[in-house]
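Participant: Structure provided below as structure tokens; questions to follow.
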Amino acid sequence: MINYGELYYDHYSKYLGEPIDREIYRNNEELPSIQILKYENVFDKCLVFNTLGLSNYKEVLRGNMEISMASDVAKSGK
């Protein structure tokens, strides 16, 4: 079985480096968690946020996907 979470994380690490922070969201104990990974220094004066875990919801989303978003508004906690 393909571990899409591992594949996505390896892809993120290759192109974005290691995340500076992460938050974990869990609806309940039966459903897989969704993580939001935060990256610095990808784009000048921006933070990049990537999901990790949406790929576990392929049936609901009608496809295998994760979401990436750059923001120049959020402030880094570091």
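Following the order of the structure tokens, first chain is A, next is B, and so on, with residues numbered from 1 inside each chain and ligands from 1 in the order they appear.
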Could you pull out the helix (DSSP H, G or I) residues of segment 2-40 of chain A from DSSP and send them as a PyMOL selection string?
Facilitator: chain A and resi 4-16
Participant: Could those selected residues go to a file with N, CA, C and O atoms, as a tab-separated table (two decimals), in the first residue's frame?
Facilitator:
```tsv
chain	number	residue	atom	x	y	z
A	4	TYR	N	0.90	7.81	1.10
A	4	TYR	CA	0.93	9.12	0.48
A	4	TYR	C	1.45	10.19	1.42
A	4	TYR	O	2.11	11.14	0.98
A	5	GLY	N	1.18	10.07	2.70
A	5	GLY	CA	1.69	11.04	3.66
A	5	GLY	C	3.20	11.09	3.63
A	5	GLY	O	3.81	12.17	3.64
A	6	GLU	N	3.82	9.94	3.59
A	6	GLU	CA	5.29	9.87	3.53
A	6	GLU	C	5.81	10.46	2.22
A	6	GLU	O	6.79	11.20	2.20
A	7	LEU	N	5.14	10.16	1.11
A	7	LEU	CA	5.55	10.70	-0.18
A	7	LEU	C	5.44	12.22	-0.20
A	7	LEU	O	6.35	12.92	-0.69
A	8	TYR	N	4.33	12.75	0.31
A	8	TYR	CA	4.16	14.19	0.35
A	8	TYR	C	5.21	14.84	1.26
A	8	TYR	O	5.79	15.86	0.92
A	9	TYR	N	5.44	14.25	2.42
A	9	TYR	CA	6.42	14.83	3.35
A	9	TYR	C	7.81	14.85	2.72
A	9	TYR	O	8.54	15.84	2.82
A	10	ASP	N	8.19	13.77	2.04
A	10	ASP	CA	9.49	13.72	1.36
A	10	ASP	C	9.57	14.80	0.28
A	10	ASP	O	10.61	15.45	0.12
A	11	HIS	N	8.48	15.00	-0.44
A	11	HIS	CA	8.44	16.04	-1.49
A	11	HIS	C	8.59	17.42	-0.86
A	11	HIS	O	9.38	18.25	-1.33
A	12	TYR	N	7.82	17.69	0.20
A	12	TYR	CA	7.93	18.97	0.90
A	12	TYR	C	9.37	19.20	1.38
A	12	TYR	O	9.92	20.28	1.23
A	13	SER	N	9.96	18.17	2.00
A	13	SER	CA	11.32	18.30	2.54
A	13	SER	C	12.33	18.59	1.44
A	13	SER	O	13.25	19.39	1.63
A	14	LYS	N	12.17	17.95	0.30
A	14	LYS	CA	13.11	18.14	-0.80
A	14	LYS	C	13.09	19.58	-1.31
A	14	LYS	O	14.13	20.17	-1.58
A	15	TYR	N	11.90	20.17	-1.43
A	15	TYR	CA	11.77	21.49	-2.03
A	15	TYR	C	11.66	22.64	-1.03
A	15	TYR	O	11.95	23.78	-1.37
A	16	LEU	N	11.22	22.35	0.19
A	16	LEU	CA	10.97	23.41	1.16
A	16	LEU	C	11.87	23.35	2.39
A	16	LEU	O	11.89	24.28	3.19
```
Participant: Compile the contact shell of Pro32 of chain A as a list in words: residues with an atom at most 12 Å away, counting only C-alpha atoms, same-chain residues fewer than 3 positions apart removed.
Facilitator: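 In the requested form, the answer reads Gly5, Ile24, Tyr25, Arg26, Asn27, Asn28, Glu29, Gln35, Leu52, Gly53, Leu54, Ser55, Asn56, Tyr57 and Lys58 of chain A.
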Participant: Residues at most 9 Å from Ser68 of chain A, counting only C-alpha atoms, excluding those fewer than 3 positions away in the same chain, as a list in words?
Facilitator: Val48, Phe49, Asn50 and Thr51 of chain A
Participant: Rounded to one decimal in Å, what is the spacing between atom CA of Lys45 of chain A and atom CA of Glu66 of chain A?
Facilitator: 23.1 Å
Participant: What is the atom CA of Glu59 of chain A to atom CA of Glu23 of chain A distance in Å?
Facilitator: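 Computed distance, atom CA of Glu59 of chain A to atom CA of Glu23 of chain A, equals 23.6 Å.
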Participant: How many Å separate atom CA of Asp21 of chain A from atom CA of Asp44 of chain A?
Facilitator: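 Taking atom CA of Asp21 of chain A as the start and atom CA of Asp44 of chain A as the end point, the length is 18.0 Å.
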